[in-house]
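Chemist: File follows, upload01.cif with mmCIF, C-alpha atoms and all ligand atoms:
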```cif
data_target
loop_
_atom_site.label_atom_id
_atom_site.label_comp_id
_atom_site.auth_asym_id
_atom_site.auth_seq_id
_atom_site.Cartn_x
_atom_site.Cartn_y
_atom_site.Cartn_z
CA MET A 1 62.82 -127.30 85.16
CA VAL A 2 65.79 -126.19 83.12
CA ALA A 3 67.43 -124.60 86.17
CA ARG A 4 66.97 -127.82 88.18
CA GLU A 5 68.54 -129.92 85.44
CA ILE A 6 71.49 -127.51 85.16
CA LEU A 7 71.98 -127.71 88.93
CA LYS A 8 71.90 -131.54 88.86
CA GLU A 9 74.45 -131.62 86.07
CA LEU A 10 76.67 -129.14 87.96
CA GLU A 11 76.60 -131.41 90.99
CA GLN A 12 77.47 -134.45 88.90
CA SER A 13 80.07 -133.17 86.47
CA GLY A 14 81.02 -129.77 87.92
CA ALA A 15 80.34 -127.72 84.78
CA VAL A 16 77.57 -126.76 82.35
CA TYR A 17 78.12 -124.66 79.25
CA LEU A 18 76.08 -122.60 76.84
CA ASP A 19 77.14 -122.97 73.22
CA ILE A 20 76.21 -120.08 70.91
CA ARG A 21 79.08 -120.56 68.44
CA HIS A 22 76.67 -121.67 65.69
CA LEU A 23 75.12 -118.15 65.65
CA GLY A 24 78.29 -116.68 64.15
CA GLU A 25 80.22 -113.51 64.97
CA ALA A 26 78.09 -111.09 62.92
CA PHE A 27 74.84 -112.20 64.59
CA ILE A 28 76.36 -112.23 68.10
CA ASP A 29 77.79 -108.73 67.65
CA GLU A 30 74.49 -107.42 66.36
CA GLN A 31 72.05 -109.17 68.72
CA LEU A 32 74.11 -110.14 71.79
CA PRO A 33 76.95 -107.61 72.11
CA GLN A 34 76.49 -107.21 75.88
CA GLU A 35 76.59 -110.97 76.47
CA ARG A 36 79.82 -111.24 74.48
CA LYS A 37 81.41 -108.45 76.52
CA LEU A 38 80.26 -109.94 79.86
CA ALA A 39 81.59 -113.40 78.98
CA GLN A 40 84.95 -111.90 78.01
CA LEU A 41 85.11 -109.68 81.08
CA TYR A 42 84.02 -112.14 83.77
CA GLU A 43 84.90 -115.57 82.35
CA ASN A 44 87.67 -114.71 79.93
CA VAL A 45 85.92 -116.61 77.15
CA ASP A 46 84.87 -115.38 73.74
CA PRO A 47 81.45 -116.94 72.94
CA VAL A 48 82.14 -116.62 69.22
CA HIS A 49 84.78 -119.36 69.54
CA GLU A 50 84.31 -120.84 73.04
CA LEU A 51 81.70 -122.34 75.36
CA ILE A 52 80.22 -120.10 78.10
CA PRO A 53 80.21 -121.63 81.61
CA ILE A 54 76.80 -121.09 83.26
CA LYS A 55 74.99 -121.66 86.55
CA PRO A 56 71.47 -120.81 87.76
CA ALA A 57 70.91 -117.52 89.62
CA ALA A 58 67.97 -115.49 90.94
CA HIS A 59 66.42 -113.62 88.06
CA TYR A 60 63.23 -112.19 89.49
CA CYS A 61 61.39 -112.06 92.82
CA MET A 62 57.70 -113.00 92.55
CA GLY A 63 55.25 -111.23 94.82
CA GLY A 64 56.09 -108.19 96.90
CA ILE A 65 54.39 -105.41 98.83
CA GLU A 66 50.60 -105.74 98.63
CA VAL A 67 49.04 -102.93 96.59
CA ASP A 68 45.51 -102.15 95.42
CA ALA A 69 44.42 -101.45 91.83
CA MET A 70 45.85 -97.91 92.18
CA SER A 71 49.30 -99.13 93.35
CA GLN A 72 48.56 -97.83 96.86
CA THR A 73 50.08 -99.84 99.74
CA ALA A 74 48.54 -100.28 103.21
CA LEU A 75 50.32 -97.04 104.22
CA SER A 76 48.34 -94.14 102.91
CA GLY A 77 50.44 -92.04 100.50
CA LEU A 78 52.97 -94.82 99.91
CA TYR A 79 52.79 -96.30 96.39
CA ALA A 80 54.71 -99.30 95.08
CA CYS A 81 55.36 -100.60 91.56
CA GLY A 82 57.79 -102.81 89.70
CA GLU A 83 59.52 -105.85 91.11
CA CYS A 84 59.01 -104.79 94.76
CA ALA A 85 55.20 -104.73 94.44
CA ASN A 86 52.50 -107.35 94.10
CA HIS A 87 50.04 -106.25 91.42
CA ASN A 88 48.79 -109.82 91.06
CA VAL A 89 49.97 -110.08 87.46
CA HIS A 90 52.17 -113.11 88.15
CA GLY A 91 51.47 -116.55 89.49
CA ALA A 92 54.07 -118.88 90.96
CA ASN A 93 56.46 -117.90 88.21
CA ARG A 94 56.90 -114.88 85.99
CA LEU A 95 56.17 -114.95 82.29
CA GLY A 96 59.17 -113.74 80.30
CA GLY A 97 59.04 -110.00 79.65
CA ASN A 98 56.30 -109.35 82.20
CA SER A 99 58.41 -107.01 84.30
CA LEU A 100 58.30 -104.60 81.37
CA LEU A 101 54.55 -104.47 81.97
CA GLU A 102 55.14 -103.87 85.66
CA VAL A 103 57.54 -100.98 85.26
CA ILE A 104 55.81 -99.28 82.32
CA VAL A 105 52.10 -99.69 83.14
CA PHE A 106 52.15 -99.74 86.94
CA GLY A 107 55.13 -97.39 87.16
CA HIS A 108 53.17 -94.84 85.14
CA GLN A 109 50.01 -95.17 87.22
CA ALA A 110 51.86 -95.22 90.58
CA GLY A 111 53.56 -91.96 89.59
CA GLU A 112 50.26 -90.34 88.62
CA TYR A 113 48.42 -91.43 91.77
CA ALA A 114 51.36 -90.43 93.98
CA ALA A 115 51.47 -86.96 92.36
CA ARG A 116 47.71 -86.57 92.84
CA TYR A 117 48.01 -87.65 96.49
CA ALA A 118 50.78 -85.12 97.07
CA GLN A 119 48.63 -82.33 95.59
CA GLU A 120 45.62 -83.24 97.71
CA HIS A 121 47.46 -83.67 101.02
CA GLN A 122 49.29 -80.79 102.65
CA ASN A 123 50.96 -82.58 105.50
CA THR A 124 52.62 -85.50 103.74
CA CYS A 125 55.35 -85.92 106.34
CA ASN A 126 53.43 -86.70 109.51
CA PRO A 127 55.88 -87.99 112.11
CA ASN A 128 53.84 -90.92 113.30
CA GLU A 129 54.69 -93.79 115.63
CA GLN A 130 56.58 -95.77 112.95
CA PHE A 131 58.62 -92.70 111.98
CA GLN A 132 59.64 -92.24 115.64
CA ARG A 133 60.50 -95.95 115.95
CA ASP A 134 62.72 -95.79 112.84
CA LYS A 135 64.40 -92.62 114.12
CA ASN A 136 65.11 -94.25 117.47
CA PHE A 137 66.42 -97.36 115.70
CA ILE A 138 68.92 -95.35 113.63
CA GLU A 139 69.96 -93.38 116.71
CA GLY A 140 70.38 -96.65 118.62
CA ILE A 141 72.63 -98.23 115.95
CA LYS A 142 75.54 -96.08 117.07
CA TYR A 143 75.54 -98.04 120.35
CA PHE A 144 75.76 -101.39 118.49
CA THR A 145 79.16 -103.01 118.85
CA ASN A 146 81.02 -104.54 115.89
CA GLN A 147 82.46 -107.76 117.22
CA ILE A 148 80.89 -109.59 114.25
CA ASP A 149 81.53 -108.57 110.64
CA PHE A 150 78.11 -108.29 108.97
CA TYR A 151 79.67 -108.35 105.46
CA GLU A 152 80.98 -111.82 106.22
CA LYS A 153 77.53 -112.86 107.52
CA HIS A 154 76.01 -111.43 104.34
CA ARG A 155 78.17 -113.78 102.25
CA PHE A 156 77.37 -116.65 104.62
CA MET A 157 73.65 -116.02 104.22
CA GLY A 158 74.01 -115.98 100.41
CA ASN A 159 75.75 -119.36 100.51
CA ILE A 160 73.28 -121.11 102.80
CA PHE A 161 70.35 -119.70 100.82
CA TYR A 162 71.87 -120.79 97.50
CA ASN A 163 72.40 -124.32 98.81
CA ASN A 164 69.15 -124.83 100.74
CA ALA A 165 66.52 -122.28 99.82
CA ALA A 166 67.00 -121.62 96.12
CA ILE A 167 66.27 -123.96 93.21
CA ILE A 168 65.68 -127.22 95.09
CA ARG A 169 64.28 -127.01 98.62
CA GLU A 170 63.25 -129.47 101.31
CA ASP A 171 61.93 -129.15 104.85
CA LYS A 172 65.13 -130.07 106.71
CA GLY A 173 67.41 -127.68 104.82
CA LEU A 174 64.90 -124.81 104.98
CA LYS A 175 64.54 -125.23 108.74
CA ALA A 176 68.31 -125.28 109.19
CA VAL A 177 68.60 -121.98 107.29
CA LEU A 178 65.73 -120.53 109.34
CA ALA A 179 67.59 -121.39 112.56
CA ALA A 180 70.71 -119.66 111.19
CA VAL A 181 68.71 -116.57 110.15
CA ARG A 182 67.06 -116.30 113.59
CA GLN A 183 70.52 -116.51 115.13
CA LEU A 184 71.64 -113.63 112.87
CA GLN A 185 68.62 -111.60 114.02
CA GLN A 186 69.75 -112.07 117.62
CA GLU A 187 73.32 -111.10 116.76
CA LEU A 188 72.50 -107.86 114.88
CA PRO A 189 73.36 -105.63 117.90
CA PHE A 190 76.91 -107.08 117.75
CA MET A 191 77.31 -106.42 114.01
CA GLY A 192 77.00 -102.64 114.00
CA PRO A 193 78.75 -100.45 111.39
CA LYS A 194 82.32 -99.43 112.14
CA ASP A 195 81.73 -96.00 110.63
CA LYS A 196 79.71 -93.90 113.13
CA SER A 197 79.62 -90.68 111.09
CA ARG A 198 76.37 -89.06 109.99
CA THR A 199 77.31 -88.02 106.45
CA TYR A 200 77.88 -90.23 103.38
CA ASN A 201 77.87 -93.25 105.67
CA THR A 202 77.49 -96.16 103.22
CA ASN A 203 78.55 -98.57 105.98
CA LEU A 204 75.42 -97.58 107.95
CA ILE A 205 73.16 -97.90 104.88
CA GLU A 206 74.58 -101.35 104.11
CA PHE A 207 74.04 -102.41 107.71
CA ILE A 208 70.38 -101.25 107.63
CA GLU A 209 69.93 -103.10 104.32
CA PHE A 210 71.48 -106.21 105.84
CA GLY A 211 69.00 -105.99 108.76
CA ASN A 212 66.10 -105.71 106.27
CA MET A 213 67.51 -108.67 104.37
CA VAL A 214 67.61 -110.80 107.52
CA GLU A 215 64.03 -109.80 108.34
CA LEU A 216 62.78 -110.66 104.83
CA ALA A 217 64.82 -113.88 104.79
CA GLU A 218 62.68 -115.15 107.65
CA VAL A 219 59.50 -114.40 105.65
CA VAL A 220 60.84 -116.24 102.58
CA LEU A 221 61.84 -119.27 104.66
CA VAL A 222 58.65 -119.54 106.72
CA SER A 223 56.62 -119.21 103.48
CA ALA A 224 58.67 -121.93 101.76
CA ILE A 225 58.43 -124.27 104.77
CA SER A 226 54.65 -123.79 105.00
CA ARG A 227 54.05 -124.38 101.28
CA LYS A 228 54.36 -128.16 101.26
CA GLU A 229 54.06 -128.56 97.49
CA SER A 230 55.90 -127.56 94.30
CA ARG A 231 54.69 -124.73 92.08
CA GLY A 232 56.48 -122.45 89.63
CA ALA A 233 59.89 -121.44 90.92
CA HIS A 234 59.23 -123.06 94.33
CA PHE A 235 60.36 -126.70 94.03
CA ARG A 236 60.31 -128.99 97.07
CA SER A 237 62.12 -132.30 96.57
CA ASP A 238 60.12 -133.71 99.52
CA ALA A 239 56.79 -132.58 97.93
CA PRO A 240 57.41 -132.48 94.17
CA GLN A 241 53.74 -132.31 93.09
CA ARG A 242 51.29 -129.40 93.00
CA ASP A 243 48.61 -129.43 95.69
CA ASN A 244 45.71 -127.39 94.33
CA GLU A 245 43.48 -128.34 97.25
CA ARG A 246 45.60 -126.58 99.85
CA PHE A 247 47.93 -124.22 98.04
CA HIS A 248 46.25 -122.76 94.96
CA ALA A 249 46.55 -119.38 96.67
CA HIS A 250 48.99 -116.55 97.33
CA THR A 251 51.16 -116.61 100.42
CA VAL A 252 50.45 -113.44 102.40
CA ALA A 253 52.77 -112.44 105.25
CA TRP A 254 52.51 -109.57 107.71
CA LYS A 255 53.64 -108.64 111.20
CA GLU A 256 51.50 -108.11 114.28
CA ASP A 257 53.35 -106.57 117.24
CA GLY A 258 56.60 -107.74 115.67
CA VAL A 259 55.35 -111.33 115.24
CA LEU A 260 55.45 -112.81 111.74
CA CYS A 261 52.01 -114.03 110.57
CA LEU A 262 51.31 -115.97 107.40
CA ASP A 263 48.27 -117.17 105.47
CA PHE A 264 47.33 -118.60 102.08
CA MET A 265 44.71 -116.36 100.53
CA LYS A 266 42.74 -117.66 97.58
CA GLY A 267 41.03 -114.29 97.18
CA ALA A 268 44.42 -112.72 96.52
CA LEU A 269 44.75 -114.61 93.24
C1 LIG B 301 69.86 -110.70 84.63
C2 LIG B 301 68.45 -110.22 84.50
C3 LIG B 301 67.84 -110.23 83.26
C4 LIG B 301 66.51 -109.80 83.13
N1 LIG B 301 65.91 -109.82 81.89
C5 LIG B 301 64.63 -109.39 81.75
C6 LIG B 301 64.00 -109.37 80.46
O1 LIG B 301 64.59 -109.76 79.46
N2 LIG B 301 62.72 -108.92 80.37
C7 LIG B 301 62.02 -108.48 81.46
O2 LIG B 301 60.86 -108.05 81.31
N3 LIG B 301 62.60 -108.48 82.69
C8 LIG B 301 63.88 -108.91 82.87
N4 LIG B 301 64.46 -108.94 84.13
C9 LIG B 301 63.71 -108.44 85.27
C10 LIG B 301 63.68 -106.92 85.25
O3 LIG B 301 64.95 -106.44 84.90
C11 LIG B 301 63.30 -106.39 86.65
O4 LIG B 301 62.11 -107.00 87.11
C12 LIG B 301 63.05 -104.88 86.57
O5 LIG B 301 64.22 -104.23 86.11
C13 LIG B 301 62.68 -104.33 87.94
O6 LIG B 301 62.56 -102.94 87.83
P1 LIG B 301 62.30 -102.05 89.10
O7 LIG B 301 62.36 -100.64 88.64
O8 LIG B 301 61.08 -102.53 89.81
O9 LIG B 301 63.52 -102.38 90.09
P2 LIG B 301 65.07 -102.12 89.87
O10 LIG B 301 65.43 -102.09 88.42
O11 LIG B 301 65.77 -103.10 90.76
O12 LIG B 301 65.24 -100.63 90.42
C14 LIG B 301 65.31 -100.34 91.79
C15 LIG B 301 66.21 -99.13 91.94
O13 LIG B 301 66.17 -98.67 93.28
C16 LIG B 301 67.48 -98.31 93.67
N5 LIG B 301 67.55 -98.39 95.14
C17 LIG B 301 67.61 -99.48 95.92
N6 LIG B 301 67.65 -99.14 97.22
C18 LIG B 301 67.59 -97.80 97.26
C19 LIG B 301 67.57 -96.84 98.33
N7 LIG B 301 67.60 -97.20 99.59
N8 LIG B 301 67.50 -95.54 97.99
C20 LIG B 301 67.44 -95.14 96.69
N9 LIG B 301 67.44 -96.01 95.64
C21 LIG B 301 67.51 -97.30 95.94
C22 LIG B 301 68.38 -99.31 92.97
O14 LIG B 301 69.70 -98.85 92.87
C23 LIG B 301 67.69 -99.43 91.61
O15 LIG B 301 68.14 -98.48 90.70
C24 LIG B 301 65.79 -109.36 84.28
C25 LIG B 301 66.42 -109.35 85.53
C26 LIG B 301 67.74 -109.78 85.63
C27 LIG B 301 68.40 -109.75 87.00
#
```
Since I need it in another form, could you write the structure as structure tokens?
Ligand SMILES: Cc1cc2nc3c(=O)[nH]c(=O)nc-3n(C[C@H](O)[C@H](O)[C@H](O)COP(=O)(O)OP(=O)(O)OC[C@H]3O[C@@H](n4cnc5c(N)ncnc54)[C@H](O)[C@@H]3O)c2cc1C
Modeler:
Amino acid sequence: MVAREILKELEQSGAVYLDIRHLGEAFIDEQLPQERKLAQLYENVDPVHELIPIKPAAHYCMGGIEVDAMSQTALSGLYACGECANHNVHGANRLGGNSLLEVIVFGHQAGEYAARYAQEHQNTCNPNEQFQRDKNFIEGIKYFTNQIDFYEKHRFMGNIFYNNAAIIREDKGLKAVLAAVRQLQQELPFMGPKDKSRTYNTNLIEFIEFGNMVELAEVVLVSAISRKESRGAHFRSDAPQRDNERFHAHTVAWKEDGVLCLDFMKGAL
């Protein structure tokens, strides 16, 4: 709610500020030294004497890779914890400080179970079908052309997401972004990395990450389009109320033969 109001005010007046001057220099230096440094470095303002310009940004990603009570994913031997995993400890929004729980409690247990798995299984690197597919994909990237600059498309995707799929969403805007993302998926073979070397190739890593981003972007958008209600951090201006009848459930997405599938699973809560 606060983020939405800040966004509205930004649209109307162009600026929103945080005022912490009343806390005084001694308190700020003791309790908020990092914030003072960041404001000076990035905004050239000293919060002890000046207002800090602010805008809403992504702070946490709810949900993640499905795991069981032992942090085990659907792939045997692969464990997930922290912000990338879904341990079902959050609802439609995260309680402040809860990621500490995720990294400490589930990080600890994922490490223990992973170590136990490694001890009990000799052949942990079994080149299966997926491994071969990934290998072929990386081999194939060197044949991708680079007519289109994927770094530019990365920035473009950030902008269209911020404007249509972030704090305030509605069907039309989400569908427009989805069309753009599907176009990007088609264009990936023309966005290949310029650097074709095999060692220390950060260009290749960034390209692979961009491809993953475009794939996940589709999941986020299809989920947001399907959830025709507002809940937690998901706010739809064309459906501003909660709909407990239809949507009091987790959104679960998976792929079958490369096709994105989605369901709302009450049991997952
Ligand atoms: C501005 C901000 C403030 C926050 N404040 C709080 C707070 O006050 N309290 C709270 O509880 N939570 C807070 N959070 C959330 C919390 O910080 C995160 O949920 C938590 O740090 C996630 O931890 P993680 O280990 O799961 O992931 P991360 O901390 O994101 O760690 C993932 C690591 O993996 C590395 N990595 C990525 N890709 C690769 C790769 N291909 N190969 C190798 N390494 C890779 C990354 O470099 C990174 O080091 C805040 C988040 C933000 C952004």
Chemist: For ligand LIG 301 (chain B), what centre and edge lengths in Å (one decimal) does the axis-aligned box get once 4 Å is added on each side of all its listed atoms, as AutoDock Vina command-line options?
Modeler:
```
--center_x 65.4 --center_y -102.9 --center_z 89.5 --size_x 17.0 --size_y 23.6 --size_z 28.1
```
Chemist: Which residues sit within 8 Å of ligand LIG 301 (chain B), counting all atoms listed in the file, listed as a ChimeraX atom specification?
Modeler: /A:58-61,81-85,96-103,205,209
Chemist: If I take CA of Glu5 in chain A and CA of Asp171 in chain A, how far is one from the other in Å, to one decimal?
Modeler: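 Calculated distance between CA of Glu5 in chain A and CA of Asp171 in chain A is 20.5 Å.
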Chemist: Ranking A:Ser13, A:Asn203, A:Gln40, A:Thr73 by minimum distance to Asn146 in chain A and counting only C-alpha atoms, which one comes first?
Modeler: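 For Asn146 in chain A, the nearest of the given residues is A:Asn203.
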Chemist: Counting all atoms listed in the file, write as an MDAnalysis selection string all protein and nucleic acid residues lying at most 12 Å from (71.6, -114.2, 112.1) in the file's frame.
Modeler: chainID A and resid 148:157 160 176:191 210:218
Chemist: Would you compute the distance between CA of Glu11 in chain A and CA of Leu174 in chain A? Give it in Å to one decimal.
Modeler: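 Calculated distance between CA of Glu11 in chain A and CA of Leu174 in chain A is 19.4 Å.
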Chemist: Could you jot down the CA of Ala165 in chain A to CA of His234 in chain A separation for me, Å, one decimal place?
Modeler: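 For CA of Ala165 in chain A relative to CA of His234 in chain A, the distance reads 9.2 Å.
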Chemist: Given the choices A:Ser76, A:Thr251, A:Ser71, A:Gln132, which gets closest to Ala118 in chain A if the distance is worked out from all atoms listed in the file?
Modeler: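 The shortest atom-to-atom distance to Ala118 in chain A comes from A:Ser76.
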Chemist: May I have the residues within 12 Å of Phe27 in chain A as a short mmCIF file (atom, residue, chain, number, x, y, z; two decimals) with C-alpha atoms, in the frame of the given file, using only C-alpha atoms and disregarding those fewer than 6 positions away in the same chain?
Modeler:
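Output below, filename out.cif:
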```cif
data_model
loop_
_atom_site.label_atom_id
_atom_site.label_comp_id
_atom_site.auth_asym_id
_atom_site.auth_seq_id
_atom_site.Cartn_x
_atom_site.Cartn_y
_atom_site.Cartn_z
CA ILE A 20 76.21 -120.08 70.91
CA ARG A 21 79.08 -120.56 68.44
CA PRO A 33 76.95 -107.61 72.11
CA ARG A 36 79.82 -111.24 74.48
CA PRO A 47 81.45 -116.94 72.94
CA VAL A 48 82.14 -116.62 69.22
#
```
Chemist: Under the rule that only C-alpha atoms are counted, which of A:Tyr113, A:Phe161, A:Trp254, A:Phe207 is the nearest residue to Gly77 in chain A?
Modeler: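 Ranked by minimum distance to Gly77 in chain A, first place goes to A:Tyr113.
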Chemist: Kindly extract all protein, DNA and RNA residues lying within 6 Å of the coordinates (54.1, -112.5, 91.3) given in the file, considering only C-alpha atoms, and supply them as a JSON list (two decimals) with C-alpha atoms, in the frame of the given file.
Modeler:
```json
[["chain", "number", "residue", "atom", "x", "y", "z"],
["A", 62, "MET", "CA", 57.70, -113.00, 92.55],
["A", 63, "GLY", "CA", 55.25, -111.23, 94.82],
["A", 88, "ASN", "CA", 48.79, -109.82, 91.06],
["A", 90, "HIS", "CA", 52.17, -113.11, 88.15],
["A", 91, "GLY", "CA", 51.47, -116.55, 89.49]]
```
Chemist: May I ask which of the residues A:Lys175, A:Arg94, A:His121, A:Lys196 is the closest one to Phe144 in chain A, counting all atoms listed in the file?
Modeler: A:Lys196
Chemist: Under the rule that all atoms listed in the file are counted, which of A:Gly24, A:Leu262, A:Pro56, A:Leu41 is the nearest residue to Glu9 in chain A?
Modeler: A:Pro56
Chemist: Quick one: residues within 10 Å of range 137-139 of chain A, all atoms listed in the file, excluding same-chain residues fewer than 6 positions away - as a list in words?
Modeler: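 Residues meeting the cut-off are Phe131, Leu204 and Ile208 of chain A.
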